[in-house]
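Asks: This is the structure, below, for whatever I ask next.
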Amino acid sequence: MSFFIKKISRRTIVQALIAMPALQLFRKLPDSDRPHADPDEIVEVNGWILKRSDLA
Amino acid sequence: MIFDSYEAYGASDFTPRVCILGSGPAGTTIARKLGAAGIPVVVLEAGSREFSDESQDFYRGTTVGDHYFDLDITRLRFMGGSSNHWAGWCRVLDSQDFEPKAWAPDTGWPISRADIEPYLSEVHDILELPDFRPDVPISDDIRWVQLIKSPAVSFGEKFADELDKSKTIAVVLNTYATELAGDGKRVTGARLWSNGQDAGTFSADYFIVCTGGLENSRLLLWSNQRSNGGVVPNAAALGRYWMEHPTFEGGNAILADYSEFEVDAVNEAFFSPTLAAMERLQIMNFGIRLIETPYAGVKSLIADLACTAPDAAEWVAYQLSQNLRCAAQLYVAWEQAPLASNRIELSKTDVDHAGVPRIELHWKKSPLERRTILEGLKLFGTTLIEKDLGRVRIMDWLANGQDYPTDEELAGHHHMGGTRMGTDVTKSVVDANCKVHGMDNLYVGGSSVFCTSGECNPTTTITALACRLGDHLSKIITV
């Protein structure tokens, strides 16, 4: 077992894994599964009118 | 000549050819044009020289539908009319405002902007304006437009001395025309109310109704009811297609670069869409009023942006350190789609002291308008990105489809429509010369003749149309 795992309890790891998908929801990033999307594309996020590259 | 009562006027031997009801921007301008042409004209003003609660009470009414101002505070009933409380913001309707829009029913005027342009030099003198500058395109979609902050001429104050000295114009104060009588071809007289009582009838060859964008419809509706259709023979559109300029704070902007436009002396700039953008998005006209925000407001906006778009926030922070151009509030005012259902009716239960039914205003904003402001702010935001000028954030209530705020300005106190201009007698009340359809001697002045409202404040266009009507009548009325 690695040093990292030794320092963190199994319970903490499980909680972190459960929380990860939820963090994506909070950011509301549009089409985050499109890695080759146009960086100048206009997107609307949380009321902001932005270009995709602003979201990096 | 100015008479403080109808009784005082009655003692004079003045014999007018034309009777104008109302002494606001339209009534005063038309009277001055006719008077200058040597045509004797009387102006009947319901109020006195000063504001009074007693006079304002005649303007009370109710509104059905969307929240609106009390009808006795959104206009003024004394010499000079509502020019006594306007802000002085001036701009003429755009050429595109006169054109029919295929995507918005019942739009389009029977005249074009070219028909009022010959009168704009007079308007500039009357309203004490500098020359307009041409609009500046910021992109293919957005124009930086000029809205002149004028001295807000009060017509009652500015022209009182001239009117008092005039030999061809008689202004009669405290004299309320409660109704017109007509036979379906001509107005035969006006019923007057003065000093708290009926004051008999008044006759003239021509009558011009200039009592304001709410009151014109009320007077004509009541007159028509009393004369069995003898005043407005084609009354299908009478009181209908009423419009305002709703106004709300719709968003914020972070601005890094002002190279494409300038703010005025109070740090404001104004933007409107191009006709191509309106057509592509199928929206109405709108005006974005950009107001620079004090620096304290910038921090929270950047913090909000940092949560959503860290790179953009970093870019903004860099720009701020380069030059302290900051953030802005974005107020949006827009052109309402002309709807017959937005209308002025006569109350069935409430009358004023002279027995005239009060106004019941039916007014609702439409889904097309909601889409107009949302798409409009997106359009503005896209333009700022494309030109690398900044970023826009749309207010939550607008972005999330919530109700309109109830704690803001609501609208511009601009009362338009009700006796709109047109060729179709089922959808308009006056013709291209502001003459009531079917009547030989009845005309209407003021913003009630507007077919559509555009996005700009109406007084400049009202004054231009009044110059045009005065010019028209001075050619057809023989002295």
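Naming scheme: A, B, ... for chains in displayed order of the structure tokens; residues 1 onward per chain; ligands 1 onward as shown.
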Using only C-alpha atoms, I'd like every residue of chain A that has an atom within 6 Å of chain B; please write them out as a list in words.
Replies: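 In the required form, that comes to Gly47, Trp48, Ile49, Asp54, Leu55 and Ala56 of chain A.
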Asks: Can you write just those residues out, N, CA and C atoms, as a CSV table (one decimal), in the first residue's frame?
Replies:
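New file out.csv:
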chain,number,residue,atom,x,y,z
A,47,GLY,N,-25.0,32.6,-16.9
A,47,GLY,CA,-25.4,33.9,-17.3
A,47,GLY,C,-24.3,34.7,-18.0
A,48,TRP,N,-23.1,34.2,-18.0
A,48,TRP,CA,-22.0,34.9,-18.7
A,48,TRP,C,-22.0,34.5,-20.2
A,49,ILE,N,-21.8,35.5,-21.0
A,49,ILE,CA,-21.6,35.2,-22.4
A,49,ILE,C,-20.1,35.2,-22.6
A,54,ASP,N,-12.4,30.9,-22.7
A,54,ASP,CA,-12.4,31.5,-21.3
A,54,ASP,C,-12.6,30.5,-20.2
A,55,LEU,N,-13.1,29.3,-20.6
A,55,LEU,CA,-13.5,28.3,-19.5
A,55,LEU,C,-12.3,27.5,-19.1
A,56,ALA,N,-11.1,27.7,-19.7
A,56,ALA,CA,-10.0,26.8,-19.4
A,56,ALA,C,-9.6,26.9,-17.9
Asks: Env of stretch 178-186 of chain B: 7 Å cut, atoms = only C-alpha atoms, seq-sep filter 5 positions within chain, self excluded. Answer as JSON, numbers by chain.
Replies: {"B": [191, 192, 193, 219, 222, 223, 227, 229, 230, 231, 233, 356, 438, 439, 440, 441]}
Asks: What does the structure give for the distance between atom CA of B:Asp115 and atom CA of B:Pro273, in Å to one decimal?
Replies: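 One can read the atom CA of B:Asp115 to atom CA of B:Pro273 distance as 22.9 Å.
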Asks: What does the distance from atom CA of B:Gln197 to atom CA of B:Tyr6 come to in Å, to one decimal?
Replies: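 Answer for the atom CA of B:Gln197 to atom CA of B:Tyr6 separation: 11.3 Å.
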Asks: One decimal, Å: what's the distance from atom CA of B:Asp198 over to atom CA of B:Asp70, could you say?
Replies: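 That distance, rounded to one decimal, is 27.3 Å.
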Asks: Enumerate as an mmCIF file with C-alpha atoms, in the first residue's frame all residues of stretch 186-404 of chain B assigned to helix (DSSP H, G or I) by DSSP on the backbone, naming them with the chain letters and numbers the document uses.
Replies:
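The resulting file, selection.cif, is shown below:
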data_model
loop_
_atom_site.group_PDB
_atom_site.id
_atom_site.type_symbol
_atom_site.label_atom_id
_atom_site.label_comp_id
_atom_site.auth_asym_id
_atom_site.auth_seq_id
_atom_site.Cartn_x
_atom_site.Cartn_y
_atom_site.Cartn_z
ATOM 1 C CA GLU B 215 -55.698 61.019 -22.906
ATOM 2 C CA ASN B 216 -56.103 61.257 -26.704
ATOM 3 C CA SER B 217 -57.662 57.801 -26.748
ATOM 4 C CA ARG B 218 -59.794 58.520 -23.695
ATOM 5 C CA LEU B 219 -61.234 61.731 -25.180
ATOM 6 C CA LEU B 220 -61.948 60.143 -28.545
ATOM 7 C CA LEU B 221 -63.434 56.971 -27.053
ATOM 8 C CA TRP B 222 -65.767 59.006 -24.862
ATOM 9 C CA SER B 223 -66.639 61.440 -27.659
ATOM 10 C CA ASN B 224 -67.365 58.583 -30.020
ATOM 11 C CA GLN B 225 -69.550 56.857 -27.459
ATOM 12 C CA ARG B 226 -71.512 60.051 -26.834
ATOM 13 C CA LEU B 275 -31.896 45.763 -38.892
ATOM 14 C CA ALA B 276 -30.043 42.669 -40.158
ATOM 15 C CA ALA B 277 -29.647 41.377 -36.605
ATOM 16 C CA MET B 278 -33.296 42.036 -35.785
ATOM 17 C CA GLU B 279 -34.339 40.211 -38.918
ATOM 18 C CA ARG B 280 -32.020 37.258 -38.342
ATOM 19 C CA LEU B 281 -33.137 36.803 -34.738
ATOM 20 C CA TYR B 295 -15.049 50.265 -8.834
ATOM 21 C CA ALA B 296 -16.517 48.455 -5.817
ATOM 22 C CA GLY B 297 -18.984 46.734 -8.102
ATOM 23 C CA VAL B 298 -16.230 45.330 -10.282
ATOM 24 C CA LYS B 299 -14.705 43.083 -7.636
ATOM 25 C CA SER B 300 -17.809 40.982 -7.077
ATOM 26 C CA LEU B 301 -18.354 40.708 -10.811
ATOM 27 C CA ILE B 302 -14.796 39.502 -11.397
ATOM 28 C CA ALA B 303 -15.114 37.071 -8.478
ATOM 29 C CA ASP B 304 -18.233 35.660 -10.081
ATOM 30 C CA LEU B 305 -16.461 35.390 -13.404
ATOM 31 C CA ALA B 306 -13.465 33.688 -11.798
ATOM 32 C CA CYS B 307 -15.705 30.873 -10.579
ATOM 33 C CA THR B 308 -17.050 30.305 -14.059
ATOM 34 C CA PRO B 310 -10.805 31.499 -14.669
ATOM 35 C CA ASP B 311 -8.952 32.444 -17.843
ATOM 36 C CA ALA B 312 -11.401 35.201 -18.633
ATOM 37 C CA ALA B 313 -11.124 36.520 -15.096
ATOM 38 C CA GLU B 314 -7.362 36.517 -15.406
ATOM 39 C CA TRP B 315 -7.635 38.396 -18.687
ATOM 40 C CA VAL B 316 -9.933 40.938 -17.078
ATOM 41 C CA ALA B 317 -7.674 41.360 -14.070
ATOM 42 C CA TYR B 318 -4.765 41.977 -16.422
ATOM 43 C CA GLN B 319 -6.750 44.530 -18.378
ATOM 44 C CA LEU B 320 -7.761 46.279 -15.198
ATOM 45 C CA SER B 321 -4.169 46.644 -14.171
ATOM 46 C CA GLN B 322 -3.373 48.090 -17.581
ATOM 47 C CA PRO B 367 -43.135 36.658 -25.110
ATOM 48 C CA LEU B 368 -41.559 38.228 -28.217
ATOM 49 C CA GLU B 369 -40.351 41.116 -26.080
ATOM 50 C CA ARG B 370 -38.871 38.776 -23.492
ATOM 51 C CA ARG B 371 -36.965 37.015 -26.266
ATOM 52 C CA THR B 372 -35.905 40.403 -27.639
ATOM 53 C CA ILE B 373 -34.094 41.462 -24.486
ATOM 54 C CA LEU B 374 -32.516 38.060 -23.875
ATOM 55 C CA GLU B 375 -31.270 37.739 -27.448
ATOM 56 C CA GLY B 376 -30.307 41.406 -27.413
ATOM 57 C CA LEU B 377 -28.011 41.063 -24.428
ATOM 58 C CA LYS B 378 -26.509 37.883 -25.898
ATOM 59 C CA LEU B 379 -25.916 39.798 -29.110
ATOM 60 C CA PHE B 380 -24.197 42.578 -27.209
ATOM 61 C CA GLY B 381 -22.116 40.049 -25.266
ATOM 62 C CA THR B 382 -21.082 38.320 -28.477
ATOM 63 C CA THR B 383 -20.041 41.631 -29.990
ATOM 64 C CA LEU B 384 -17.883 42.478 -26.967
ATOM 65 C CA ILE B 385 -16.157 39.106 -27.304
ATOM 66 C CA GLU B 386 -15.647 39.373 -31.052
ATOM 67 C CA ASP B 396 -30.386 35.728 -13.196
ATOM 68 C CA TRP B 397 -34.060 36.721 -13.525
ATOM 69 C CA LEU B 398 -33.639 37.072 -17.253
ATOM 70 C CA ALA B 399 -31.299 34.152 -17.889
#
Asks: Could you give me, as a list in words, each residue of stretch 138-194 of chain B that DSSP assigns to strand (DSSP E) when run on this structure's backbone?
Replies: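 Of stretch 138-194 of chain B, only Ile142, Arg143, Trp144, Val145, Ile148, Lys149, Ile169, Ala170, Val171, Val172, Thr175, Tyr176, Ala177, Thr178, Glu179, Leu180, Ala181, Gly182, Val187, Thr188, Gly189, Ala190, Arg191, Leu192, Trp193 and Ser194 of chain B fall in strand (DSSP E).
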Asks: Give me the residues near stretch 427-429 of chain B as a PDB file with C-alpha atoms, in the first residue's frame, where near means some atom within 9 Å (using only C-alpha atoms) and where sequence neighbours in that chain fewer than 2 positions away do not count.
Replies:
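Final output, out_28.pdb:
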ATOM      1  CA  ASP B 106     -48.939  45.164 -37.536  1.00  0.00           C
ATOM      2  CA  VAL B 232     -64.215  58.393 -35.079  1.00  0.00           C
ATOM      3  CA  ASN B 234     -63.751  53.808 -38.074  1.00  0.00           C
ATOM      4  CA  ALA B 235     -63.094  52.996 -34.448  1.00  0.00           C
ATOM      5  CA  ALA B 236     -61.914  49.376 -34.543  1.00  0.00           C
ATOM      6  CA  ALA B 237     -58.373  50.383 -33.575  1.00  0.00           C
ATOM      7  CA  LEU B 238     -59.275  53.322 -31.339  1.00  0.00           C
ATOM      8  CA  GLY B 239     -57.471  52.964 -27.999  1.00  0.00           C
ATOM      9  CA  ARG B 240     -55.633  49.866 -29.209  1.00  0.00           C
ATOM     10  CA  TYR B 241     -51.991  49.055 -29.979  1.00  0.00           C
ATOM     11  CA  ALA B 340     -54.390  45.215 -30.315  1.00  0.00           C
ATOM     12  CA  GLY B 418     -54.013  54.229 -29.297  1.00  0.00           C
ATOM     13  CA  THR B 419     -54.733  56.438 -32.323  1.00  0.00           C
ATOM     14  CA  ARG B 420     -52.087  54.960 -34.583  1.00  0.00           C
ATOM     15  CA  MET B 421     -51.319  56.112 -38.092  1.00  0.00           C
ATOM     16  CA  GLY B 422     -52.072  53.831 -41.039  1.00  0.00           C
ATOM     17  CA  THR B 423     -53.943  53.107 -44.215  1.00  0.00           C
ATOM     18  CA  ASP B 424     -55.997  50.148 -42.979  1.00  0.00           C
ATOM     19  CA  VAL B 425     -58.977  51.658 -41.146  1.00  0.00           C
ATOM     20  CA  ASP B 431     -53.977  58.699 -41.948  1.00  0.00           C
ATOM     21  CA  CYS B 434     -52.634  62.570 -38.800  1.00  0.00           C
ATOM     22  CA  LYS B 435     -56.238  63.175 -39.926  1.00  0.00           C
ATOM     23  CA  VAL B 436     -58.826  60.875 -38.382  1.00  0.00           C
ATOM     24  CA  HIS B 437     -60.074  58.420 -41.013  1.00  0.00           C
ATOM     25  CA  VAL B 449     -50.227  58.260 -33.610  1.00  0.00           C
ATOM     26  CA  CYS B 451     -47.519  52.799 -35.250  1.00  0.00           C
TER      27      CYS B 451
END
Asks: Can you pull out the residues contacting B:Trp89? Cut-off 6 Å, using only C-alpha atoms, and skip same-chain residues under 2 positions away; I want them as a PyMOL selection string.
Replies: chain B and resi 87+148-150
